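Raw coords13.txt, compact mmCIF, C-alpha atoms:
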# COMPACT_ATOMS: atom_id res chain seq x y z
CA ALA A 192 183.60 106.03 162.08
CA GLN A 193 183.78 102.40 161.17
CA SER A 194 186.86 100.32 161.88
CA VAL A 195 188.12 97.21 160.14
CA SER A 196 190.09 94.38 161.69
CA GLN A 197 192.07 91.76 159.86
CA HIS A 198 193.07 89.05 162.26
CA ASN A 199 196.12 87.65 160.57
CA HIS A 200 199.15 89.75 159.92
CA HIS A 201 201.08 87.13 157.99
CA VAL A 202 199.84 83.79 156.70
CA ILE A 203 202.16 81.17 155.24
CA LEU A 204 200.69 78.27 153.29
CA SER A 205 201.85 75.57 150.97
CA GLU A 206 200.46 75.34 147.48
CA ALA A 207 197.07 73.64 147.26
CA ALA A 208 196.24 74.49 150.86
CA SER A 209 192.95 76.18 151.60
CA LEU A 210 192.86 79.81 152.60
CA GLU A 211 190.64 81.81 154.86
CA LEU A 212 191.46 85.38 155.83
CA GLY A 213 189.39 87.00 158.50
CA CYS A 214 187.85 90.45 158.33
CA ASN A 215 185.57 92.04 160.90
CA TYR A 216 184.21 95.53 161.00
CA SER A 217 182.48 97.73 163.50
CA TYR A 218 179.51 99.61 162.13
CA GLY A 219 175.87 98.97 162.80
CA GLY A 220 174.46 100.33 159.57
CA THR A 221 174.52 99.33 155.93
CA VAL A 222 177.91 98.61 154.45
CA ASN A 223 179.59 97.89 151.17
CA LEU A 224 182.44 95.43 151.57
CA PHE A 225 185.53 94.87 149.48
CA TRP A 226 188.57 92.65 149.28
CA TYR A 227 191.61 93.92 147.43
CA VAL A 228 194.90 92.30 146.56
CA GLN A 229 198.19 94.07 146.09
CA TYR A 230 201.14 92.32 144.50
CA PRO A 231 204.66 93.59 145.17
CA GLY A 232 205.28 96.85 143.39
CA GLN A 233 201.75 97.11 142.06
CA HIS A 234 198.63 99.01 142.97
CA LEU A 235 195.46 97.57 144.43
CA GLN A 236 193.30 95.22 142.45
CA LEU A 237 189.73 94.48 143.36
CA LEU A 238 189.14 90.82 144.12
CA LEU A 239 185.47 91.02 144.94
CA LYS A 240 182.82 93.23 146.49
CA TYR A 241 179.53 92.94 148.27
CA PHE A 242 176.85 95.57 147.95
CA SER A 243 173.64 93.62 148.52
CA GLY A 244 171.95 90.33 147.67
CA ASP A 245 173.57 86.94 147.99
CA PRO A 246 175.99 87.13 150.92
CA LEU A 247 178.33 84.65 149.25
CA VAL A 248 180.28 86.61 146.71
CA LYS A 249 182.54 85.13 144.09
CA GLY A 250 185.44 87.12 142.73
CA ILE A 251 188.34 86.78 140.39
CA LYS A 252 191.08 84.16 140.56
CA GLY A 253 188.92 81.68 142.44
CA PHE A 254 188.39 83.82 145.52
CA GLU A 255 185.11 84.12 147.36
CA ALA A 256 183.92 85.85 150.49
CA GLU A 257 180.91 85.46 152.72
CA PHE A 258 179.17 88.34 154.42
CA ILE A 259 177.77 87.32 157.79
CA LYS A 260 175.87 90.31 159.04
CA SER A 261 175.30 88.96 162.53
CA LYS A 262 179.03 88.53 162.98
CA PHE A 263 180.03 91.73 161.20
CA SER A 264 182.39 89.59 159.17
CA PHE A 265 183.45 89.29 155.56
CA ASN A 266 186.03 86.52 155.40
CA LEU A 267 187.94 85.77 152.22
CA ARG A 268 188.40 82.18 151.09
CA LYS A 269 190.08 80.18 148.39
CA PRO A 270 189.96 76.38 148.34
CA SER A 271 193.41 75.85 146.84
CA VAL A 272 196.06 78.55 146.77
CA GLN A 273 198.83 78.90 144.24
CA TRP A 274 202.30 80.36 144.52
CA SER A 275 201.08 83.29 142.41
CA ASP A 276 198.62 84.22 145.17
CA THR A 277 201.52 85.50 147.25
CA ALA A 278 200.55 89.10 147.91
CA GLU A 279 199.03 91.41 150.46
CA TYR A 280 195.28 91.30 150.98
CA PHE A 281 193.16 94.16 152.25
CA CYS A 282 189.62 94.18 153.49
CA ALA A 283 187.76 97.48 153.15
CA VAL A 284 184.43 98.74 154.41
CA ASN A 285 182.36 101.57 153.06
CA ALA A 286 179.85 102.64 155.69
CA LEU A 287 176.77 104.00 154.01
CA GLY A 288 174.77 106.67 155.70
CA SER A 289 177.75 107.74 157.74
CA ASN A 290 180.58 109.62 156.15
CA ASN A 291 180.58 107.13 153.28
CA ASP A 292 184.32 106.91 153.51
CA MET A 293 186.30 103.77 152.88
CA ARG A 294 188.24 102.23 155.73
CA PHE A 295 190.88 99.60 155.25
CA GLY A 296 192.09 96.82 157.45
CA ALA A 297 195.78 96.62 158.20
CA GLY A 298 196.27 93.96 155.56
CA THR A 299 197.31 90.32 155.61
CA ARG A 300 200.45 89.21 153.91
CA LEU A 301 200.04 85.82 152.28
CA THR A 302 203.08 83.80 151.41
CA VAL A 303 202.50 80.63 149.42
CA LYS A 304 205.39 78.19 149.36
CA PRO A 305 205.83 76.19 146.18
CA GLY B 239 204.12 99.03 162.53
CA ALA B 240 204.20 101.27 159.49
CA VAL B 241 201.99 104.36 159.75
CA VAL B 242 200.78 106.68 157.04
CA SER B 243 199.26 109.99 158.00
CA GLN B 244 196.94 111.73 155.57
CA HIS B 245 195.86 115.32 156.08
CA PRO B 246 193.35 116.87 156.07
CA SER B 247 190.70 114.27 156.78
CA ARG B 248 187.97 116.59 155.56
CA VAL B 249 188.05 119.75 153.51
CA ILE B 250 185.40 121.98 152.03
CA CYS B 251 186.48 124.46 149.41
CA LYS B 252 184.93 126.86 146.97
CA SER B 253 184.75 126.10 143.31
CA GLY B 254 187.80 127.40 141.49
CA THR B 255 190.19 127.14 144.40
CA SER B 256 192.97 124.60 144.87
CA VAL B 257 193.32 122.06 147.63
CA LYS B 258 196.43 120.23 148.75
CA ILE B 259 196.29 116.82 150.41
CA GLU B 260 199.34 115.47 152.20
CA CYS B 261 200.35 111.88 152.67
CA ARG B 262 203.22 111.21 155.07
CA SER B 263 204.92 108.00 156.03
CA LEU B 264 205.75 108.47 159.69
CA ASP B 265 208.16 105.66 160.43
CA PHE B 266 209.42 104.34 157.15
CA GLN B 267 210.71 105.58 153.85
CA ALA B 268 208.06 105.38 151.19
CA THR B 269 209.67 104.87 147.83
CA THR B 270 206.29 104.47 146.16
CA MET B 271 202.98 106.10 146.93
CA PHE B 272 199.66 105.43 145.29
CA TRP B 273 196.77 107.88 145.08
CA TYR B 274 193.24 106.57 144.77
CA ARG B 275 189.83 108.11 144.44
CA GLN B 276 186.55 106.57 145.43
CA PHE B 277 183.32 107.44 143.70
CA PRO B 278 180.06 106.90 145.56
CA LYS B 279 179.05 103.27 145.76
CA GLN B 280 182.06 102.19 143.78
CA SER B 281 185.44 100.67 144.37
CA LEU B 282 188.64 102.64 144.53
CA MET B 283 190.10 103.97 141.34
CA LEU B 284 193.83 104.36 140.98
CA MET B 285 194.72 107.87 139.95
CA ALA B 286 198.48 107.79 139.87
CA THR B 287 201.63 106.10 141.08
CA SER B 288 204.27 108.30 142.58
CA ASN B 289 207.91 107.34 142.98
CA GLU B 290 210.17 109.49 145.08
CA GLY B 291 212.17 111.95 143.04
CA SER B 292 210.46 111.29 139.75
CA LYS B 293 207.31 112.34 137.97
CA ALA B 294 204.12 110.57 138.83
CA THR B 295 202.61 108.06 136.45
CA TYR B 296 198.97 108.87 135.84
CA GLU B 297 196.26 106.44 134.89
CA GLN B 298 194.38 106.92 131.69
CA GLY B 299 191.68 109.52 132.03
CA VAL B 300 193.27 111.28 135.00
CA GLU B 301 194.30 114.82 134.16
CA LYS B 302 197.83 115.41 135.39
CA ASP B 303 197.45 119.19 135.21
CA LYS B 304 194.38 119.02 137.39
CA PHE B 305 195.66 116.54 139.94
CA LEU B 306 199.22 117.59 140.67
CA ILE B 307 201.26 115.00 142.51
CA ASN B 308 204.58 115.74 144.12
CA HIS B 309 206.76 113.17 145.84
CA ALA B 310 209.80 115.22 146.70
CA SER B 311 210.95 113.22 149.70
CA LEU B 312 210.83 109.66 150.95
CA THR B 313 208.25 110.55 153.57
CA LEU B 314 205.92 112.96 151.83
CA SER B 315 203.71 112.97 148.77
CA THR B 316 201.12 115.61 148.03
CA LEU B 317 198.09 115.67 145.78
CA THR B 318 196.86 119.10 144.75
CA VAL B 319 193.46 119.41 143.18
CA THR B 320 193.71 122.55 141.10
CA SER B 321 190.76 124.75 140.19
CA ALA B 322 188.43 122.38 141.96
CA HIS B 323 184.89 121.86 140.73
CA PRO B 324 181.94 120.15 142.40
CA GLU B 325 182.54 117.01 140.33
CA ASP B 326 185.92 116.69 142.04
CA SER B 327 184.13 116.12 145.32
CA SER B 328 185.15 112.67 146.38
CA PHE B 329 187.11 110.57 148.82
CA TYR B 330 190.85 110.50 148.16
CA ILE B 331 193.18 108.02 149.80
CA CYS B 332 196.86 107.37 149.56
CA SER B 333 198.90 104.30 150.26
CA ALA B 334 202.63 104.02 150.69
CA SER B 335 205.13 101.28 150.15
CA GLY B 336 208.70 101.14 151.29
CA ALA B 337 210.98 98.17 151.42
CA VAL B 338 209.32 94.91 150.43
CA ASN B 339 208.96 93.74 153.98
CA TYR B 340 206.95 96.83 154.91
CA GLY B 341 204.15 95.96 152.54
CA TYR B 342 201.57 98.63 151.92
CA THR B 343 199.97 101.05 154.33
CA PHE B 344 196.95 103.25 153.76
CA GLY B 345 196.28 106.75 154.91
CA SER B 346 192.95 107.47 156.55
CA GLY B 347 191.64 109.30 153.52
CA THR B 348 190.44 112.81 152.72
CA ARG B 349 186.84 113.73 152.06
CA LEU B 350 186.85 116.66 149.65
CA THR B 351 183.67 118.66 149.12
CA VAL B 352 183.70 121.42 146.53
CA VAL B 353 180.85 123.91 146.85

Could you render the structure as structure tokens?
Amino acid sequence: AQSVSQHNHHVILSEAASLELGCNYSYGGTVNLFWYVQYPGQHLQLLLKYFSGDPLVKGIKGFEAEFIKSKFSFNLRKPSVQWSDTAEYFCAVNALGSNNDMRFGAGTRLTVKP
Amino acid sequence: GAVVSQHPSRVICKSGTSVKIECRSLDFQATTMFWYRQFPKQSLMLMATSNEGSKATYEQGVEKDKFLINHASLTLSTLTVTSAHPEDSSFYICSASGAVNYGYTFGSGTRLTVV
């Protein structure tokens, strides 16, 4: 089964700083890739997803992610974070042709200081 | 770190039977648990939010009599798919949240196949 690694457990930034959260997966076949955000007390919200096509995917709230197949990576980026971006971020991988199940990374907690 | 155990990982059942999926927080008290379902080639869909000791809050379009959720203790929530049909075949995953500093932790998911 595929596995997903998120490199940063907790990231602390000041407002207006740039953000990049790492996500790597282990699976040699075709994948669908997702980034979710979860605010305190709330359920997951989809930020963006990659199924095929342009490897640079733009999502909601100014987030984007780039799929680099050769590196098995799908890093999340935002050029200028806001205090309201404080949340937990999850990378998820859906391995097609395998069991098709979704696997999540451990999550990265982002704290943005005003 | 926080660990959530989901069981079973895979289950095949006959149409008309019921299936129970367990979600346990192993090393923390989960005051809130979320149940999600994933349709093929789609993102997760939230089914319900479960708070310990109270009735689950279901999302619009999710039948509460079909998907019974029980969160009787701070470490266990169960999802029972009643009178399962082939269209209920899907991937179900739970996540649990305890104190704020624990964040959210996902179970490993359950692949349900109804034949």

_Which residues are close to A:Arg300, i.e. within 12 Å by all atoms listed in the file, leaving aside same-chain residues fewer than 5 positions away? Reply as a ChimeraX atom specification._
/A:197-204,212,227-231,276-282 /B:338-343

_Applying 10 Å and all atoms listed in the file, which residues near B:Gly347 remain after dropping the ones on its own chain fewer than 5 positions away? List them as an MDAnalysis selection string._
(chainID A and resid 292:295) or (chainID B and resid 243:248 259:261 273:276 329:333)

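Across A:Gly296, A:Gly213, A:Pro270, A:Pro305, the tightest approach to chain B is made by A:Gly296 when counting all atoms listed in the file.
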
Pairwise distance, atom CA of B:Thr255 with atom CA of B:Thr348, equals 16.6 Å

*Return the single residue from A:Pro246, A:Gly253, A:Gly219, A:Gly298 that is closest to chain B, with distances computed using all atoms listed in the file.*
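Selected residue with least distance to chain B: A:Gly298.
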
* To do: Find the distance between atom CA of B:Ala286 and atom CA of B:Gly254 and write it in Å to one decimal.
  =>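 Between atom CA of B:Ala286 and atom CA of B:Gly254 the gap is 22.4 Å.
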
For chain A, the closest of B:Ser281, B:Thr316, B:Ser256, B:Gln267 counting all atoms listed in the file is B:Ser281

request  = For B:Thr351, please output as a PyMOL selection string all residues within 7 Å (counting all atoms listed in the file; exclusion window: fewer than 2 positions along the same chain).
outcome  = chain B and resi 249-251+327-328+349+353

Show me that you can extract stretch 250-276 of chain A, keeping N, CA and C atoms, and write it as a CSV table (one decimal), in the first residue's frame.
chain,number,residue,atom,x,y,z
A,250,GLY,N,-5.6,26.0,-6.1
A,250,GLY,CA,-6.7,25.7,-5.3
A,250,GLY,C,-7.4,27.0,-4.7
A,251,ILE,N,-8.1,26.8,-3.7
A,251,ILE,CA,-8.8,27.9,-3.0
A,251,ILE,C,-7.9,28.6,-2.1
A,252,LYS,N,-8.3,29.8,-1.8
A,252,LYS,CA,-7.6,30.6,-0.8
A,252,LYS,C,-6.1,30.9,-1.1
A,253,GLY,N,-5.8,30.9,-2.4
A,253,GLY,CA,-4.5,31.3,-2.9
A,253,GLY,C,-3.5,30.2,-2.8
A,254,PHE,N,-3.9,29.0,-2.5
A,254,PHE,CA,-2.9,27.9,-2.4
A,254,PHE,C,-2.7,27.2,-3.8
A,255,GLU,N,-1.5,26.7,-3.9
A,255,GLU,CA,-1.2,25.9,-5.1
A,255,GLU,C,-0.3,24.8,-4.7
A,256,ALA,N,-0.2,23.8,-5.6
A,256,ALA,CA,0.7,22.7,-5.3
A,256,ALA,C,1.2,22.2,-6.7
A,257,GLU,N,2.4,21.6,-6.6
A,257,GLU,CA,3.0,21.2,-7.8
A,257,GLU,C,3.4,19.7,-7.7
A,258,PHE,N,2.9,18.9,-8.6
A,258,PHE,CA,3.2,17.5,-8.7
A,258,PHE,C,4.5,17.3,-9.5
A,259,ILE,N,5.4,16.7,-8.8
A,259,ILE,CA,6.7,16.4,-9.5
A,259,ILE,C,6.8,14.9,-9.4
A,260,LYS,N,6.5,14.2,-10.6
A,260,LYS,CA,6.4,12.8,-10.6
A,260,LYS,C,7.7,12.1,-10.3
A,261,SER,N,8.8,12.7,-10.8
A,261,SER,CA,10.1,12.1,-10.6
A,261,SER,C,10.5,12.1,-9.2
A,262,LYS,N,10.0,13.0,-8.4
A,262,LYS,CA,10.3,13.1,-7.0
A,262,LYS,C,9.2,12.6,-6.1
A,263,PHE,N,8.2,12.1,-6.7
A,263,PHE,CA,7.1,11.6,-5.9
A,263,PHE,C,6.6,12.6,-4.9
A,264,SER,N,6.6,13.8,-5.3
A,264,SER,CA,6.2,14.9,-4.4
A,264,SER,C,5.0,15.7,-4.9
A,265,PHE,N,4.4,16.3,-3.9
A,265,PHE,CA,3.2,17.2,-4.2
A,265,PHE,C,3.2,18.3,-3.1
A,266,ASN,N,4.1,19.2,-3.2
A,266,ASN,CA,4.3,20.2,-2.2
A,266,ASN,C,3.2,21.3,-2.3
A,267,LEU,N,2.8,21.8,-1.2
A,267,LEU,CA,1.8,22.9,-1.1
A,267,LEU,C,2.5,24.2,-0.9
A,268,ARG,N,2.0,25.2,-1.6
A,268,ARG,CA,2.6,26.5,-1.5
A,268,ARG,C,1.6,27.6,-1.4
A,269,LYS,N,2.0,28.7,-0.7
A,269,LYS,CA,1.2,29.9,-0.7
A,269,LYS,C,2.2,31.1,-0.6
A,270,PRO,N,2.1,32.1,-1.5
A,270,PRO,CA,3.2,33.1,-1.4
A,270,PRO,C,3.1,34.0,-0.2
A,271,SER,N,1.9,34.2,0.4
A,271,SER,CA,1.8,35.1,1.5
A,271,SER,C,0.7,34.6,2.4
A,272,VAL,N,1.1,34.1,3.6
A,272,VAL,CA,0.1,33.5,4.4
A,272,VAL,C,-0.6,34.6,5.3
A,273,GLN,N,-1.7,34.3,5.8
A,273,GLN,CA,-2.5,35.2,6.6
A,273,GLN,C,-2.8,34.4,8.0
A,274,TRP,N,-3.1,35.2,9.0
A,274,TRP,CA,-3.4,34.6,10.3
A,274,TRP,C,-4.5,33.6,10.2
A,275,SER,N,-5.4,33.8,9.3
A,275,SER,CA,-6.6,32.9,9.1
A,275,SER,C,-6.2,31.6,8.5
A,276,ASP,N,-4.9,31.5,8.0
A,276,ASP,CA,-4.5,30.2,7.5
A,276,ASP,C,-4.0,29.2,8.6
